[in-house]
Amino acid sequence: MKLKSVLVITSAILLFSCNSEPKLAFKYAAEKNLFACPDVDMELIKEAVYAFEAFIFENYSFNAPDIEKAAYFNYLKNSEAKLLPMGEKFDDHIKNVFYALKSEASLWSGSDDHKTLNLDHEIVKCISDHIAIEAVKPVFKTLADSKTLRGEIFAPTLRSHFNRMKEDRALATYVALDLFYAKIFQFDLSLTPTELAKQIREINDEHVGHQH
């Protein structure tokens, strides 16, 4: 009888533990969809893109009159310099979106602390098919098909079209995934904001040093 009681209690604890795991709250479900991509969790990708944009619009526009264009211009300029996102300013939602994307193992390639978007993933083909800026579309496709697409190399091309990034949902998706979320793997989100800012600064200094 005692053994049965123990088993029941143990099962209840396990069930409660599973049910208490935090789930990603979709803040941007009502926003316009990005584009169709079979066999890809586009609800998660959509949430990731809109969360990324909300973050850069708040933190990278630097009070410019046109917040969206300035934010994209400044963020892409930082990406060219291999600078990491300002992780010390992340809220819980950005972190939870990252954790959800992180669990999609096939989305990424590279070592644990240096991830990039997996160019063999279906999302890359969908991005290539749906790019709206005609001058960029063949460049992206060529680089992706030849497996030579690198964020910091492609960033100057993107920055030259910064004023259209908000309307090109495919390119915005690429920027969010490869130039934002992939970079978060490099630092420790469990640190305090002050500690995280210090870690990011050290990594950025190392990146800048390697460019000389």
# chains A, B, ... in the order shown; residues from 1 in each chain; ligands from 1
call {"tool": "residues_around", "arguments": {"residues": "A:Thr142", "least_positions_apart": "4", "cutoff": "12 Å", "atoms": "only C-alpha atoms", "output": "list in words"}}
result
Leu119, Val124, Lys125, Ser128, Val136, Lys137, Pro138, Ser146, Lys147, Thr148, Leu149, Arg150 and Phe154 of chain A
call {"tool": "residues_around", "arguments": {"residues": "A:Leu177", "least_positions_apart": "6", "cutoff": "8 Å", "atoms": "only C-alpha atoms", "output": "ChimeraX atom specification"}}
result
/A:48-49,117
call {"tool": "closest_residue", "arguments": {"among": "A:Glu152, A:Asp92, A:Glu53, A:Asp39", "to": "A:Leu24", "atoms": "only C-alpha atoms"}}
result
A:Asp92
call {"tool": "residues_around", "arguments": {"residues": "stretch 105-110 of chain A", "least_positions_apart": "5", "cutoff": "9 Å", "atoms": "only C-alpha atoms", "output": "PyMOL selection string"}}
result
chain A and resi 115-123+182
call {"tool": "closest_residue", "arguments": {"among": "A:Arg201, A:Lys82, A:Lys32, A:Lys77", "to": "A:Arg169", "atoms": "only C-alpha atoms"}}
result
A:Lys32
call {"tool": "residues_around", "arguments": {"residues": "A:Ile133", "least_positions_apart": "5", "cutoff": "12 Å", "atoms": "only C-alpha atoms", "output": "PyMOL selection string"}}
result
chain A and resi 127-128+138-140+157-158+160-172
call {"tool": "closest_residue", "arguments": {"among": "A:Asp205, A:Asp41, A:Glu58, A:Glu47", "to": "A:Phe98", "atoms": "only C-alpha atoms"}}
result
A:Glu47
call {"tool": "residues_around", "arguments": {"residues": "A:Asn33", "least_positions_apart": "2", "cutoff": "8 Å", "atoms": "only C-alpha atoms", "output": "list in words"}}
result
Glu31, Phe35 and Lys46 of chain A
call {"tool": "select_by_dssp", "arguments": {"residues": "stretch 15-137 of chain A", "states": "strand (DSSP E)", "output": "ChimeraX atom specification"}}
result
/A:108-111,114-117
call {"tool": "closest_residue", "arguments": {"among": "A:Leu83, A:Ala25, A:Val97, A:Ala36", "to": "A:Ala176", "atoms": "only C-alpha atoms"}}
result
A:Val97
